[in-house]
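J.: Input file: model_3.cif. Contents: mmCIF, C-alpha atoms.
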data_target
#
loop_
_atom_site.group_PDB
_atom_site.id
_atom_site.type_symbol
_atom_site.label_atom_id
_atom_site.label_comp_id
_atom_site.auth_asym_id
_atom_site.auth_seq_id
_atom_site.Cartn_x
_atom_site.Cartn_y
_atom_site.Cartn_z
ATOM 1 C CA MET I 1 118.281 107.999 85.834
ATOM 2 C CA THR I 2 117.089 104.728 84.367
ATOM 3 C CA PRO I 3 117.723 101.107 85.382
ATOM 4 C CA ASP I 4 120.384 100.980 82.636
ATOM 5 C CA ASP I 5 122.395 103.606 84.552
ATOM 6 C CA ILE I 6 122.861 101.287 87.526
ATOM 7 C CA ASP I 7 125.635 98.722 87.461
ATOM 8 C CA GLU I 8 124.277 95.349 88.459
ATOM 9 C CA GLU I 9 126.413 93.295 90.764
ATOM 10 C CA GLU I 10 125.439 89.666 91.087
ATOM 11 C CA VAL I 11 125.398 88.487 94.680
ATOM 12 C CA GLU I 12 124.969 84.911 95.812
ATOM 13 C CA VAL I 13 122.542 84.283 98.661
ATOM 14 C CA LEU I 14 122.929 81.044 100.571
ATOM 15 C CA PRO I 15 119.770 78.920 100.620
ATOM 16 C CA ASP I 16 119.580 79.108 104.426
ATOM 17 C CA ALA I 17 119.445 82.916 104.232
ATOM 18 C CA TRP I 18 117.038 83.198 101.296
ATOM 19 C CA LEU I 19 113.874 83.931 103.313
ATOM 20 C CA ALA I 20 115.719 86.494 105.442
ATOM 21 C CA PHE I 21 117.095 88.133 102.295
ATOM 22 C CA ARG I 22 113.652 88.324 100.690
ATOM 23 C CA LEU I 23 112.247 89.858 103.875
ATOM 24 C CA PHE I 24 115.137 92.335 104.205
ATOM 25 C CA ASP I 25 114.722 93.368 100.581
ATOM 26 C CA ALA I 26 110.981 93.899 101.035
ATOM 27 C CA MET I 27 111.630 95.967 104.175
ATOM 28 C CA GLY I 28 113.668 98.470 102.140
ATOM 29 C CA THR I 29 111.243 101.321 102.883
ATOM 30 C CA GLN I 30 110.777 100.454 106.555
ATOM 31 C CA TRP I 31 113.773 102.203 108.121
ATOM 32 C CA ARG I 32 113.448 104.338 111.233
ATOM 33 C CA VAL I 33 115.184 107.588 110.386
ATOM 34 C CA GLY I 34 116.069 110.579 112.540
ATOM 35 C CA PRO I 35 118.312 113.616 112.324
ATOM 36 C CA GLY I 36 121.406 111.397 112.384
ATOM 37 C CA GLY I 37 120.165 109.099 109.643
ATOM 38 C CA ALA I 38 118.781 105.570 109.825
ATOM 39 C CA SER I 39 118.776 103.906 113.235
ATOM 40 C CA GLY I 40 117.326 100.528 112.305
ATOM 41 C CA LEU I 41 114.416 98.729 110.738
ATOM 42 C CA ASP I 42 110.885 99.272 112.006
ATOM 43 C CA TYR I 43 110.355 95.876 113.609
ATOM 44 C CA THR I 44 106.574 96.365 113.746
ATOM 45 C CA ALA I 45 106.574 96.053 109.946
ATOM 46 C CA ILE I 46 108.268 92.644 109.952
ATOM 47 C CA PRO I 47 105.218 90.380 110.519
ATOM 48 C CA PRO I 48 102.924 92.067 107.966
ATOM 49 C CA THR I 49 105.718 92.284 105.385
ATOM 50 C CA ALA I 50 106.588 88.624 105.901
ATOM 51 C CA SER I 51 102.917 87.728 105.575
ATOM 52 C CA MET I 52 102.663 89.572 102.249
ATOM 53 C CA LEU I 53 105.638 87.529 101.027
ATOM 54 C CA GLY I 54 103.961 84.302 102.109
ATOM 55 C CA ILE I 55 106.489 83.711 104.906
ATOM 56 C CA LYS I 56 104.739 81.992 107.774
ATOM 57 C CA ARG I 57 104.956 83.650 111.195
ATOM 58 C CA ARG I 58 106.487 80.504 112.702
ATOM 59 C CA TYR I 59 109.615 81.030 110.557
ATOM 60 C CA LEU I 60 110.267 84.563 111.836
ATOM 61 C CA THR I 61 112.126 83.340 114.938
ATOM 62 C CA ASP I 62 114.608 81.540 112.683
ATOM 63 C CA ILE I 63 114.816 84.397 110.157
ATOM 64 C CA PHE I 64 115.241 87.237 112.651
ATOM 65 C CA PRO I 65 118.946 86.708 113.504
ATOM 66 C CA ASP I 66 119.867 86.752 109.792
ATOM 67 C CA LEU I 67 117.708 89.826 109.261
ATOM 68 C CA ARG I 68 119.565 91.573 112.106
ATOM 69 C CA VAL I 69 122.950 90.774 110.523
ATOM 70 C CA MET I 70 121.764 92.379 107.279
ATOM 71 C CA GLU I 71 120.369 95.356 109.183
ATOM 72 C CA VAL I 72 123.631 95.972 111.065
ATOM 73 C CA GLU I 73 125.669 95.722 107.871
ATOM 74 C CA ALA I 74 123.317 98.066 106.018
ATOM 75 C CA LEU I 75 123.569 100.596 108.876
ATOM 76 C CA ALA I 76 127.371 100.432 108.675
ATOM 77 C CA VAL I 77 127.286 101.044 104.907
ATOM 78 C CA MET I 78 124.862 103.954 105.346
ATOM 79 C CA ALA I 79 127.064 105.457 108.061
ATOM 80 C CA GLU I 80 130.116 105.234 105.802
ATOM 81 C CA SER I 81 128.284 107.041 103.029
ATOM 82 C CA MET I 82 127.452 109.927 105.385
ATOM 83 C CA GLU I 83 131.124 110.549 106.232
#
Mind converting the file's structure to structure tokens?
T.:
Amino acid sequence: MTPDDIDEEEVEVLPDAWLAFRLFDAMGTQWRVGPGGASGLDYTAIPPTASMLGIKRRYLTDIFPDLRVMEVEALAVMAESME
């Protein structure tokens, strides 16, 4: 499989959610996974990942609720794909 095999779908991200989106995207390999599949993001990875993106720690309180919305939606999509 190559990148050309994947259909790209353009998605608009609202400016207020941009930092949360960047953080969520960077956390793509930080899922806690068990026998039943993913159960959520590994929250201990949030501060160091944000730091690597240049997101200041003081912004994490504002970003976290948006990150949780993305996490919950991603879990729902993953659960659907396991059915």
J.: When the PyMOL selection byres ((chain I and resi 30) around 9) is applied to the structure above, which residues does it catch, written out as a list in words?
T.: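 Applying the PyMOL selection byres ((chain I and resi 30) around 9) to the structure shown produces Ala26, Met27, Gly28, Thr29, Trp31, Arg32, Gly40, Leu41, Asp42, Tyr43, Ala45 and Ile46 of chain I.
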J.: If the PyMOL selection byres ((chain I and resi 22-24) around 8) were run on this exact file, what residues would it hold? Put them as an MDAnalysis selection string.
T.: chainID I and resid 18:21 25:28 46 49:50 53 67 70:71
J.: Rounded to one decimal place, report the atom CA of Arg68 of chain I-atom CA of Val13 of chain I distance in Å.
T.: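 Separation between atom CA of Arg68 of chain I and atom CA of Val13 of chain I: 15.6 Å.
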J.: How far is it from atom CA of Phe64 of chain I to atom CA of Glu83 of chain I, in Å with one decimal?
T.: 28.9 Å
